file protein29.cif (mmCIF, C-alpha atoms, pLDDT in the B column; chains and numbers go by the auth columns)
data_final
#
loop_
_atom_site.group_PDB
_atom_site.id
_atom_site.type_symbol
_atom_site.label_atom_id
_atom_site.label_comp_id
_atom_site.label_asym_id
_atom_site.label_seq_id
_atom_site.Cartn_x
_atom_site.Cartn_y
_atom_site.Cartn_z
_atom_site.B_iso_or_equiv
_atom_site.auth_seq_id
_atom_site.auth_asym_id
ATOM 1 C CA MET A 1 145.685 115.854 91.837 47.00 1 A
ATOM 2 C CA THR A 2 143.851 118.168 89.447 45.00 2 A
ATOM 3 C CA ILE A 3 145.563 120.042 86.638 45.00 3 A
ATOM 4 C CA ALA A 4 145.271 123.318 88.553 46.00 4 A
ATOM 5 C CA GLN A 5 146.851 121.752 91.634 49.00 5 A
ATOM 6 C CA GLU A 6 149.593 120.214 89.544 46.00 6 A
ATOM 7 C CA LEU A 7 150.366 123.583 87.967 41.00 7 A
ATOM 8 C CA ASP A 8 150.382 125.340 91.347 49.00 8 A
ATOM 9 C CA SER A 9 152.927 122.840 92.618 48.00 9 A
ATOM 10 C CA GLN A 10 155.339 123.434 89.732 45.00 10 A
ATOM 11 C CA LYS A 11 157.717 126.326 90.286 42.00 11 A
ATOM 12 C CA GLY A 12 158.584 128.474 87.328 43.00 12 A
ATOM 13 C CA ILE A 13 155.195 128.119 85.613 40.00 13 A
ATOM 14 C CA CYS A 14 153.110 131.254 85.364 42.00 14 A
ATOM 15 C CA GLN A 15 149.596 131.143 86.712 44.00 15 A
ATOM 16 C CA ASP A 16 148.250 132.395 83.387 45.00 16 A
ATOM 17 C CA VAL A 17 149.985 129.629 81.425 45.00 17 A
ATOM 18 C CA ILE A 18 148.241 128.689 78.203 47.00 18 A
ATOM 19 C CA PHE A 19 147.826 124.991 77.559 52.00 19 A
ATOM 20 C CA PRO A 20 148.871 123.755 74.128 54.00 20 A
ATOM 21 C CA PRO A 21 146.163 122.402 71.821 54.00 21 A
ATOM 22 C CA GLY A 22 144.723 119.047 72.800 56.00 22 A
ATOM 23 C CA ASP A 23 145.172 117.508 69.359 62.00 23 A
ATOM 24 C CA LEU A 24 148.689 116.253 70.118 66.00 24 A
ATOM 25 C CA TYR A 25 150.318 113.234 68.513 53.00 25 A
ATOM 26 C CA SER A 26 151.921 110.593 70.678 55.00 26 A
ATOM 27 C CA ASP A 27 155.689 110.962 71.000 51.00 27 A
ATOM 28 C CA GLU A 28 156.839 107.578 72.232 49.00 28 A
ATOM 29 C CA PRO A 29 160.217 105.945 71.489 54.00 29 A
ATOM 30 C CA PRO A 30 160.277 102.555 69.719 53.00 30 A
ATOM 31 C CA LEU A 31 159.479 99.508 71.829 59.00 31 A
ATOM 32 C CA GLU A 32 162.394 97.602 73.306 61.00 32 A
ATOM 33 C CA SER A 33 161.699 94.317 71.531 75.00 33 A
ATOM 34 C CA GLU A 34 159.190 92.251 69.600 83.00 34 A
ATOM 35 C CA LEU A 35 158.245 90.592 72.878 87.00 35 A
ATOM 36 C CA HIS A 36 157.292 93.969 74.360 88.00 36 A
ATOM 37 C CA LEU A 37 154.985 94.599 71.401 91.00 37 A
ATOM 38 C CA GLU A 38 153.456 91.133 71.692 93.00 38 A
ATOM 39 C CA GLN A 39 152.769 91.688 75.398 95.00 39 A
ATOM 40 C CA ILE A 40 151.072 95.035 74.849 94.00 40 A
ATOM 41 C CA MET A 41 148.942 93.765 71.967 94.00 41 A
ATOM 42 C CA LEU A 42 147.925 90.682 73.947 96.00 42 A
ATOM 43 C CA LEU A 43 146.620 92.732 76.869 97.00 43 A
ATOM 44 C CA LEU A 44 144.792 95.126 74.561 96.00 44 A
ATOM 45 C CA LYS A 45 143.145 92.341 72.564 95.00 45 A
ATOM 46 C CA CYS A 46 142.033 90.446 75.667 97.00 46 A
ATOM 47 C CA LEU A 47 140.563 93.449 77.459 97.00 47 A
ATOM 48 C CA LYS A 48 138.808 94.865 74.394 96.00 48 A
ATOM 49 C CA TRP A 49 137.302 91.482 73.576 96.00 49 A
ATOM 50 C CA LEU A 50 136.211 90.914 77.185 97.00 50 A
ATOM 51 C CA TRP A 51 134.660 94.395 77.329 97.00 51 A
ATOM 52 C CA ARG A 52 133.369 94.394 73.745 96.00 52 A
ATOM 53 C CA ASP A 53 129.917 95.525 74.904 97.00 53 A
ATOM 54 C CA ARG A 54 131.265 98.420 76.974 97.00 54 A
ATOM 55 C CA ASN A 55 131.818 101.966 75.716 97.00 55 A
ATOM 56 C CA ASP A 56 132.964 103.579 78.954 98.00 56 A
ATOM 57 C CA PHE A 57 136.720 102.937 78.888 98.00 57 A
ATOM 58 C CA TYR A 58 139.867 103.661 76.931 98.00 58 A
ATOM 59 C CA ALA A 59 142.818 101.274 76.733 98.00 59 A
ATOM 60 C CA ALA A 60 146.067 101.932 74.898 96.00 60 A
ATOM 61 C CA GLY A 61 149.713 100.951 74.744 93.00 61 A
ATOM 62 C CA ASN A 62 152.934 102.902 74.218 89.00 62 A
ATOM 63 C CA LEU A 63 150.953 106.143 73.978 92.00 63 A
ATOM 64 C CA THR A 64 151.979 109.517 75.373 90.00 64 A
ATOM 65 C CA ILE A 65 150.002 110.969 78.269 92.00 65 A
ATOM 66 C CA TYR A 66 150.209 114.772 78.209 90.00 66 A
ATOM 67 C CA TYR A 67 149.449 116.192 81.645 89.00 67 A
ATOM 68 C CA SER A 68 151.253 119.561 81.885 82.00 68 A
ATOM 69 C CA PRO A 69 152.823 122.177 79.583 71.00 69 A
ATOM 70 C CA ARG A 70 156.162 121.715 81.331 72.00 70 A
ATOM 71 C CA GLN A 71 156.161 118.022 80.440 67.00 71 A
ATOM 72 C CA LEU A 72 156.126 118.914 76.723 63.00 72 A
ATOM 73 C CA LYS A 73 159.649 120.260 77.063 61.00 73 A
ATOM 74 C CA SER A 74 160.938 117.373 79.143 65.00 74 A
ATOM 75 C CA GLU A 75 162.557 114.141 77.988 59.00 75 A
ATOM 76 C CA HIS A 76 162.424 112.558 81.452 60.00 76 A
ATOM 77 C CA PHE A 77 158.963 111.070 81.146 70.00 77 A
ATOM 78 C CA ARG A 78 156.694 110.020 78.328 74.00 78 A
ATOM 79 C CA GLY A 79 153.880 107.449 78.409 87.00 79 A
ATOM 80 C CA PRO A 80 153.098 104.066 79.952 94.00 80 A
ATOM 81 C CA ASP A 81 153.470 100.819 78.030 94.00 81 A
ATOM 82 C CA PHE A 82 149.840 99.952 78.801 97.00 82 A
ATOM 83 C CA PHE A 83 147.101 101.876 80.547 98.00 83 A
ATOM 84 C CA VAL A 84 143.337 101.917 81.048 98.00 84 A
ATOM 85 C CA VAL A 85 141.100 104.890 81.774 98.00 85 A
ATOM 86 C CA LEU A 86 137.613 104.175 83.103 98.00 86 A
ATOM 87 C CA GLY A 87 134.513 106.326 82.824 97.00 87 A
ATOM 88 C CA THR A 88 135.455 107.861 79.499 97.00 88 A
ATOM 89 C CA GLU A 89 134.401 107.602 75.872 97.00 89 A
ATOM 90 C CA ARG A 90 135.698 104.639 73.924 97.00 90 A
ATOM 91 C CA LYS A 91 137.148 106.166 70.770 95.00 91 A
ATOM 92 C CA THR A 92 140.422 106.418 68.845 93.00 92 A
ATOM 93 C CA ARG A 93 142.897 109.036 70.092 93.00 93 A
ATOM 94 C CA LYS A 94 146.296 110.325 68.926 90.00 94 A
ATOM 95 C CA SER A 95 147.428 110.605 72.557 92.00 95 A
ATOM 96 C CA TRP A 96 145.900 111.012 76.004 93.00 96 A
ATOM 97 C CA VAL A 97 145.688 114.737 76.819 91.00 97 A
ATOM 98 C CA VAL A 98 144.549 115.123 80.413 92.00 98 A
ATOM 99 C CA TRP A 99 143.262 118.684 80.096 90.00 99 A
ATOM 100 C CA GLU A 100 141.080 117.606 77.161 92.00 100 A
ATOM 101 C CA GLU A 101 139.709 114.568 79.049 95.00 101 A
ATOM 102 C CA ASP A 102 138.022 116.245 82.030 94.00 102 A
ATOM 103 C CA GLY A 103 141.247 115.939 84.014 94.00 103 A
ATOM 104 C CA LYS A 104 141.130 112.135 83.949 96.00 104 A
ATOM 105 C CA TYR A 105 144.298 110.131 84.565 97.00 105 A
ATOM 106 C CA PRO A 106 144.663 106.346 84.023 98.00 106 A
ATOM 107 C CA ASN A 107 143.002 104.030 86.513 98.00 107 A
ATOM 108 C CA VAL A 108 145.465 101.247 85.722 98.00 108 A
ATOM 109 C CA ILE A 109 149.030 101.405 84.414 98.00 109 A
ATOM 110 C CA LEU A 110 151.429 98.624 83.473 98.00 110 A
ATOM 111 C CA GLU A 111 155.084 99.106 82.585 97.00 111 A
ATOM 112 C CA ILE A 112 157.017 96.376 80.778 95.00 112 A
ATOM 113 C CA LEU A 113 160.513 96.333 82.209 94.00 113 A
ATOM 114 C CA SER A 114 163.769 96.215 80.266 90.00 114 A
ATOM 115 C CA ASP A 115 167.411 96.773 81.162 88.00 115 A
ATOM 116 C CA SER A 116 167.223 100.377 79.990 86.00 116 A
ATOM 117 C CA THR A 117 163.884 101.315 81.589 88.00 117 A
ATOM 118 C CA ALA A 118 163.595 99.267 84.798 93.00 118 A
ATOM 119 C CA LYS A 119 165.145 101.907 87.075 94.00 119 A
ATOM 120 C CA THR A 120 162.900 104.659 85.687 92.00 120 A
ATOM 121 C CA ASP A 121 159.789 102.449 85.856 94.00 121 A
ATOM 122 C CA LYS A 122 160.459 101.517 89.479 96.00 122 A
ATOM 123 C CA ASP A 123 161.506 104.980 90.639 95.00 123 A
ATOM 124 C CA LEU A 124 160.593 108.111 88.653 93.00 124 A
ATOM 125 C CA LYS A 125 157.487 106.782 86.925 95.00 125 A
ATOM 126 C CA LYS A 126 156.208 105.076 90.060 96.00 126 A
ATOM 127 C CA THR A 127 156.507 108.392 91.903 96.00 127 A
ATOM 128 C CA ILE A 128 154.686 110.287 89.147 94.00 128 A
ATOM 129 C CA TYR A 129 151.916 107.695 88.969 97.00 129 A
ATOM 130 C CA GLN A 130 151.539 107.830 92.758 97.00 130 A
ATOM 131 C CA ASP A 131 151.833 111.551 93.466 96.00 131 A
ATOM 132 C CA THR A 132 150.632 113.252 90.271 94.00 132 A
ATOM 133 C CA PHE A 133 148.457 110.770 88.397 96.00 133 A
ATOM 134 C CA ARG A 134 147.035 109.182 91.528 97.00 134 A
ATOM 135 C CA THR A 135 146.601 106.042 89.474 98.00 135 A
ATOM 136 C CA PRO A 136 144.986 103.443 91.800 98.00 136 A
ATOM 137 C CA ASP A 137 146.602 100.313 90.289 98.00 137 A
ATOM 138 C CA TYR A 138 150.212 100.147 89.058 98.00 138 A
ATOM 139 C CA PHE A 139 151.974 97.021 87.800 98.00 139 A
ATOM 140 C CA TRP A 140 155.285 96.172 86.203 98.00 140 A
ATOM 141 C CA PHE A 141 156.365 93.025 84.412 97.00 141 A
ATOM 142 C CA ASP A 142 159.586 91.764 82.796 95.00 142 A
ATOM 143 C CA PRO A 143 158.792 89.228 80.022 94.00 143 A
ATOM 144 C CA TYR A 144 162.376 87.935 80.092 93.00 144 A
ATOM 145 C CA THR A 145 163.010 87.476 83.831 95.00 145 A
ATOM 146 C CA GLN A 146 159.272 87.053 84.665 96.00 146 A
ATOM 147 C CA GLU A 147 159.551 89.654 87.434 97.00 147 A
ATOM 148 C CA PHE A 148 156.014 90.748 88.262 98.00 148 A
ATOM 149 C CA ALA A 149 154.824 93.213 90.895 98.00 149 A
ATOM 150 C CA GLY A 150 151.744 95.309 91.574 98.00 150 A
ATOM 151 C CA PHE A 151 150.688 98.172 93.810 98.00 151 A
ATOM 152 C CA HIS A 152 147.412 99.713 94.958 98.00 152 A
ATOM 153 C CA LEU A 153 147.073 103.316 96.097 98.00 153 A
ATOM 154 C CA VAL A 154 146.136 103.501 99.787 98.00 154 A
ATOM 155 C CA ASP A 155 145.974 106.880 101.548 97.00 155 A
ATOM 156 C CA GLY A 156 148.049 108.433 98.791 96.00 156 A
ATOM 157 C CA GLU A 157 150.846 105.840 98.800 98.00 157 A
ATOM 158 C CA TYR A 158 151.391 102.659 96.807 98.00 158 A
ATOM 159 C CA GLN A 159 151.119 99.488 98.849 98.00 159 A
ATOM 160 C CA PRO A 160 152.390 96.175 97.392 98.00 160 A
ATOM 161 C CA LEU A 161 149.709 93.725 96.286 98.00 161 A
ATOM 162 C CA GLN A 162 149.840 90.201 97.674 97.00 162 A
ATOM 163 C CA ALA A 163 149.622 87.354 95.175 97.00 163 A
ATOM 164 C CA ASN A 164 147.017 84.604 95.509 97.00 164 A
ATOM 165 C CA GLU A 165 147.847 80.880 95.419 96.00 165 A
ATOM 166 C CA GLN A 166 148.201 81.009 91.635 96.00 166 A
ATOM 167 C CA GLY A 167 150.622 83.931 91.813 96.00 167 A
ATOM 168 C CA HIS A 168 148.039 86.349 90.409 98.00 168 A
ATOM 169 C CA LEU A 169 147.616 89.959 91.516 98.00 169 A
ATOM 170 C CA TRP A 170 144.192 91.582 91.836 98.00 170 A
ATOM 171 C CA SER A 171 143.365 94.812 90.017 98.00 171 A
ATOM 172 C CA HIS A 172 140.746 96.645 92.068 97.00 172 A
ATOM 173 C CA GLN A 173 139.964 98.931 89.153 98.00 173 A
ATOM 174 C CA LEU A 174 139.516 96.274 86.461 98.00 174 A
ATOM 175 C CA GLY A 175 137.898 93.664 88.663 98.00 175 A
ATOM 176 C CA LEU A 176 140.350 91.173 87.183 98.00 176 A
ATOM 177 C CA TYR A 177 143.491 89.331 88.176 98.00 177 A
ATOM 178 C CA LEU A 178 146.767 89.697 86.305 98.00 178 A
ATOM 179 C CA GLY A 179 149.127 86.747 86.160 98.00 179 A
ATOM 180 C CA VAL A 180 151.793 85.085 84.075 97.00 180 A
ATOM 181 C CA TYR A 181 150.582 82.464 81.604 96.00 181 A
ATOM 182 C CA GLN A 182 152.938 80.791 79.120 95.00 182 A
ATOM 183 C CA GLY A 183 155.563 83.476 79.705 96.00 183 A
ATOM 184 C CA LEU A 184 153.336 86.511 79.181 96.00 184 A
ATOM 185 C CA LEU A 185 151.057 88.558 81.396 98.00 185 A
ATOM 186 C CA ARG A 186 147.355 87.770 81.036 98.00 186 A
ATOM 187 C CA PHE A 187 144.039 88.717 82.598 98.00 187 A
ATOM 188 C CA PHE A 188 142.076 86.245 84.729 98.00 188 A
ATOM 189 C CA THR A 189 138.479 86.443 85.936 98.00 189 A
ATOM 190 C CA PRO A 190 137.636 86.684 89.661 97.00 190 A
ATOM 191 C CA VAL A 191 137.224 82.886 89.693 96.00 191 A
ATOM 192 C CA GLY A 192 140.621 82.364 88.058 96.00 192 A
ATOM 193 C CA GLN A 193 139.615 81.645 84.457 96.00 193 A
ATOM 194 C CA LEU A 194 141.925 82.882 81.714 97.00 194 A
ATOM 195 C CA VAL A 195 140.498 85.804 79.729 97.00 195 A
ATOM 196 C CA PRO A 196 140.868 84.678 76.088 94.00 196 A
ATOM 197 C CA THR A 197 141.566 86.646 72.950 92.00 197 A
ATOM 198 C CA LEU A 198 139.049 86.617 70.109 90.00 198 A
ATOM 199 C CA GLU A 199 141.220 84.063 68.311 89.00 199 A
ATOM 200 C CA GLU A 200 141.373 81.822 71.373 89.00 200 A
ATOM 201 C CA THR A 201 137.609 82.120 71.784 88.00 201 A
ATOM 202 C CA ALA A 202 137.134 81.045 68.172 82.00 202 A
ATOM 203 C CA GLU A 203 139.517 78.110 68.676 78.00 203 A
ATOM 204 C CA GLN A 204 137.650 77.052 71.811 72.00 204 A
ATOM 205 C CA ALA A 205 134.341 77.217 69.943 68.00 205 A
ATOM 206 C CA GLU A 206 135.822 75.140 67.116 65.00 206 A
ATOM 207 C CA GLN A 207 137.160 72.573 69.577 64.00 207 A
ATOM 208 C CA LYS A 208 133.755 72.328 71.277 71.00 208 A
ATOM 209 C CA ALA A 209 132.077 71.875 67.896 58.00 209 A
ATOM 210 C CA GLU A 210 134.539 69.112 67.018 62.00 210 A
ATOM 211 C CA GLN A 211 133.969 67.445 70.378 66.00 211 A
ATOM 212 C CA SER A 212 130.198 67.615 69.881 64.00 212 A
ATOM 213 C CA GLU A 213 130.587 66.133 66.425 65.00 213 A
ATOM 214 C CA GLN A 214 132.763 63.337 67.795 71.00 214 A
ATOM 215 C CA LYS A 215 130.198 62.596 70.515 75.00 215 A
ATOM 216 C CA ALA A 216 127.432 62.487 67.904 60.00 216 A
ATOM 217 C CA GLU A 217 129.482 60.089 65.775 69.00 217 A
ATOM 218 C CA GLN A 218 130.196 57.905 68.801 76.00 218 A
ATOM 219 C CA ALA A 219 126.501 57.845 69.702 68.00 219 A
ATOM 220 C CA GLU A 220 125.642 56.902 66.131 73.00 220 A
ATOM 221 C CA GLN A 221 128.228 54.124 66.172 77.00 221 A
ATOM 222 C CA LYS A 222 126.840 52.772 69.444 83.00 222 A
ATOM 223 C CA ALA A 223 123.329 52.802 68.006 71.00 223 A
ATOM 224 C CA GLU A 224 124.522 50.901 64.925 75.00 224 A
ATOM 225 C CA GLN A 225 126.367 48.395 67.104 79.00 225 A
ATOM 226 C CA ALA A 226 123.267 47.882 69.247 75.00 226 A
ATOM 227 C CA GLU A 227 121.141 47.361 66.116 79.00 227 A
ATOM 228 C CA GLN A 228 123.640 44.848 64.705 79.00 228 A
ATOM 229 C CA LYS A 229 123.708 42.996 68.022 83.00 229 A
ATOM 230 C CA ALA A 230 119.917 42.824 68.050 75.00 230 A
ATOM 231 C CA GLU A 231 119.882 41.451 64.487 79.00 231 A
ATOM 232 C CA ARG A 232 122.420 38.745 65.361 82.00 232 A
ATOM 233 C CA LEU A 233 120.384 37.755 68.394 77.00 233 A
ATOM 234 C CA ALA A 234 117.243 37.511 66.276 75.00 234 A
ATOM 235 C CA VAL A 235 119.034 35.222 63.781 75.00 235 A
ATOM 236 C CA LYS A 236 120.169 32.890 66.537 79.00 236 A
ATOM 237 C CA LEU A 237 116.696 32.691 68.006 73.00 237 A
ATOM 238 C CA ARG A 238 115.225 31.762 64.642 77.00 238 A
ATOM 239 C CA GLU A 239 117.844 29.037 64.287 75.00 239 A
ATOM 240 C CA LEU A 240 116.556 27.666 67.580 74.00 240 A
ATOM 241 C CA ASN A 241 112.971 27.926 66.318 74.00 241 A
ATOM 242 C CA ILE A 242 112.228 30.633 68.852 71.00 242 A
ATOM 243 C CA ASP A 243 110.071 33.557 67.840 69.00 243 A
ATOM 244 C CA PRO A 244 111.979 36.776 68.880 63.00 244 A
ATOM 245 C CA ASP A 245 108.638 38.553 69.426 68.00 245 A
ATOM 246 C CA THR A 246 107.767 36.126 72.231 66.00 246 A
ATOM 247 C CA ILE A 247 110.817 37.094 74.274 63.00 247 A
#
call {"tool": "encode", "arguments": {"input": "protein29.cif", "output": "structure tokens"}}
result
Amino acid sequence: MTIAQELDSQKGICQDVIFPPGDLYSDEPPLESELHLEQIMLLLKCLKWLWRDRNDFYAAGNLTIYYSPRQLKSEHFRGPDFFVVLGTERKTRKSWVVWEEDGKYPNVILEILSDSTAKTDKDLKKTIYQDTFRTPDYFWFDPYTQEFAGFHLVDGEYQPLQANEQGHLWSHQLGLYLGVYQGLLRFFTPVGQLVPTLEETAEQAEQKAEQSEQKAEQAEQKAEQAEQKAERLAVKLRELNIDPDTI
């Protein structure tokens, strides 16, 4: 749905309504817990590291999405916990203002459930993401109960995604799986490999370097052992008055 269509569908809004300035600060409430913050930061770090060479996306967490003047006066809906917009400039923003972003809405949205937000995330927000945002991929996840679900927009309605054998759900928009790993939601490649953070990548590189060093040391030890064995054999042959060079 375009902004014009969204405005036409809202009763009580004049056709000559003036949009507020696009330079709006985010107006999100505090996160529910430290675990919510950790989950958001983990997804952001993984995706930005995986797509470090791309400049055609925007990913953010706990950031307000402004999509109509009427919404500015409403306390019923604010912004997603995590979202990704494709086909846009990768730059820092104070908020996501749809009318300043060529009418673009998120391609992917994830809500992190809590006791106080679960009903809204599963009902009101899901309806808005489906009918107004037309966001193709919508997920929700509870880091405490491990409840995880995903939906893909088909003919204007969200259809539940079916998990693969690993319990992962496919994001058509990201070209990645999402799945629970060590209690938190992570990205996985199409072949099922965990998408690492920069820190995990560095640790893996360090582990590989250590393994290579250990293999080199083991090879050196084997060479020394072989040399020592050859020297002992040569000594024995001389004791038997046998020239080692003749063998």
call {"tool": "atom_distance", "arguments": {"input": "protein29.cif", "atom1": "atom CA of A:Val97", "atom2": "atom CA of A:Met41"}}
result
21.8 Å
call {"tool": "resolve_selection", "arguments": {"input": "protein29.cif", "expression": "the PyMOL selection byres ((chain A and resi 38) around 12)", "output": "list in words"}}
result
Leu31, Glu32, Ser33, Glu34, Leu35, His36, Leu37, Gln39, Ile40, Met41, Leu42, Leu43, Leu44, Lys45, Gly61, Asp81, Phe82, Ile112, Pro143, Gly183, Leu184, Leu185 and Arg186 of chain A
call {"tool": "resolve_selection", "arguments": {"input": "protein29.cif", "expression": "the PyMOL selection byres ((chain A and resi 102-105) around 10)", "output": "PyMOL selection string"}}
result
chain A and resi 1-4+65-67+83-88+96-101+106-109+129+132-136
call {"tool": "write_last_selection", "arguments": {"input": "protein29.cif", "atoms": "C-alpha atoms", "output": "CSV table (one decimal), in the frame of the given file"}}
result
chain,number,residue,atom,x,y,z
A,1,MET,CA,145.7,115.9,91.8
A,2,THR,CA,143.9,118.2,89.4
A,3,ILE,CA,145.6,120.0,86.6
A,4,ALA,CA,145.3,123.3,88.6
A,65,ILE,CA,150.0,111.0,78.3
A,66,TYR,CA,150.2,114.8,78.2
A,67,TYR,CA,149.4,116.2,81.6
A,83,PHE,CA,147.1,101.9,80.5
A,84,VAL,CA,143.3,101.9,81.0
A,85,VAL,CA,141.1,104.9,81.8
A,86,LEU,CA,137.6,104.2,83.1
A,87,GLY,CA,134.5,106.3,82.8
A,88,THR,CA,135.5,107.9,79.5
A,96,TRP,CA,145.9,111.0,76.0
A,97,VAL,CA,145.7,114.7,76.8
A,98,VAL,CA,144.5,115.1,80.4
A,99,TRP,CA,143.3,118.7,80.1
A,100,GLU,CA,141.1,117.6,77.2
A,101,GLU,CA,139.7,114.6,79.0
A,106,PRO,CA,144.7,106.3,84.0
A,107,ASN,CA,143.0,104.0,86.5
A,108,VAL,CA,145.5,101.2,85.7
A,109,ILE,CA,149.0,101.4,84.4
A,129,TYR,CA,151.9,107.7,89.0
A,132,THR,CA,150.6,113.3,90.3
A,133,PHE,CA,148.5,110.8,88.4
A,134,ARG,CA,147.0,109.2,91.5
A,135,THR,CA,146.6,106.0,89.5
A,136,PRO,CA,145.0,103.4,91.8
call {"tool": "closest_residue", "arguments": {"input": "protein29.cif", "among": "A:Glu111, A:Trp170, A:Arg90, A:Cys46", "to": "A:Glu200", "atoms": "all atoms listed in the file"}}
result
A:Cys46
call {"tool": "atom_distance", "arguments": {"input": "protein29.cif", "atom1": "atom CA of A:Leu124", "atom2": "atom CA of A:Pro80"}}
result
12.2 Å
call {"tool": "atom_distance", "arguments": {"input": "protein29.cif", "atom1": "atom CA of A:Phe139", "atom2": "atom CA of A:Leu178"}}
result
9.1 Å
call {"tool": "closest_residue", "arguments": {"input": "protein29.cif", "among": "A:Thr120, A:Pro69, A:Gln182, A:Ala163", "to": "A:Gln146", "atoms": "all atoms listed in the file"}}
result
A:Gln182
call {"tool": "resolve_selection", "arguments": {"input": "protein29.cif", "expression": "the PyMOL selection byres ((chain A and resi 63) around 7)", "output": "mmCIF file with C-alpha atoms, in the coordinates of the input"}}
result
data_model
loop_
_atom_site.group_PDB
_atom_site.id
_atom_site.type_symbol
_atom_site.label_atom_id
_atom_site.label_comp_id
_atom_site.auth_asym_id
_atom_site.auth_seq_id
_atom_site.Cartn_x
_atom_site.Cartn_y
_atom_site.Cartn_z
ATOM 1 C CA SER A 26 151.921 110.593 70.678
ATOM 2 C CA GLU A 28 156.839 107.578 72.232
ATOM 3 C CA ALA A 60 146.067 101.932 74.898
ATOM 4 C CA GLY A 61 149.713 100.951 74.744
ATOM 5 C CA ASN A 62 152.934 102.902 74.218
ATOM 6 C CA THR A 64 151.979 109.517 75.373
ATOM 7 C CA ILE A 65 150.002 110.969 78.269
ATOM 8 C CA GLY A 79 153.880 107.449 78.409
ATOM 9 C CA PRO A 80 153.098 104.066 79.952
ATOM 10 C CA SER A 95 147.428 110.605 72.557
#
call {"tool": "residues_around", "arguments": {"input": "protein29.cif", "residues": "A:Glu89", "least_positions_apart": "4", "cutoff": "7 Å", "atoms": "only C-alpha atoms", "output": "list in words"}}
result
Asn55, Asp56, Phe57 and Tyr58 of chain A
call {"tool": "closest_residue", "arguments": {"input": "protein29.cif", "among": "A:Lys119, A:Tyr138, A:Glu203, A:Gly156", "to": "A:Gln173", "atoms": "all atoms listed in the file"}}
result
A:Tyr138
call {"tool": "residues_near_point", "arguments": {"input": "protein29.cif", "point": "(158.7, 98.6, 86.6)", "cutoff": "6 Å", "atoms": "all atoms listed in the file", "output": "VMD selection string"}}
result
chain A and resid 111 113 118 121 to 122 140
call {"tool": "residues_around", "arguments": {"input": "protein29.cif", "residues": "A:Glu165", "least_positions_apart": "5", "cutoff": "12 Å", "atoms": "only C-alpha atoms", "output": "list in words"}}
result
Trp170, Tyr177, Gly179 and Gly192 of chain A
call {"tool": "closest_residue", "arguments": {"input": "protein29.cif", "among": "A:Gln221, A:Gln159, A:Gln204, A:Asn164", "to": "A:Phe188", "atoms": "all atoms listed in the file"}}
result
A:Asn164
call {"tool": "closest_residue", "arguments": {"input": "protein29.cif", "among": "A:Phe77, A:His172, A:Glu220, A:Thr197", "to": "A:Val154", "atoms": "all atoms listed in the file"}}
result
A:His172
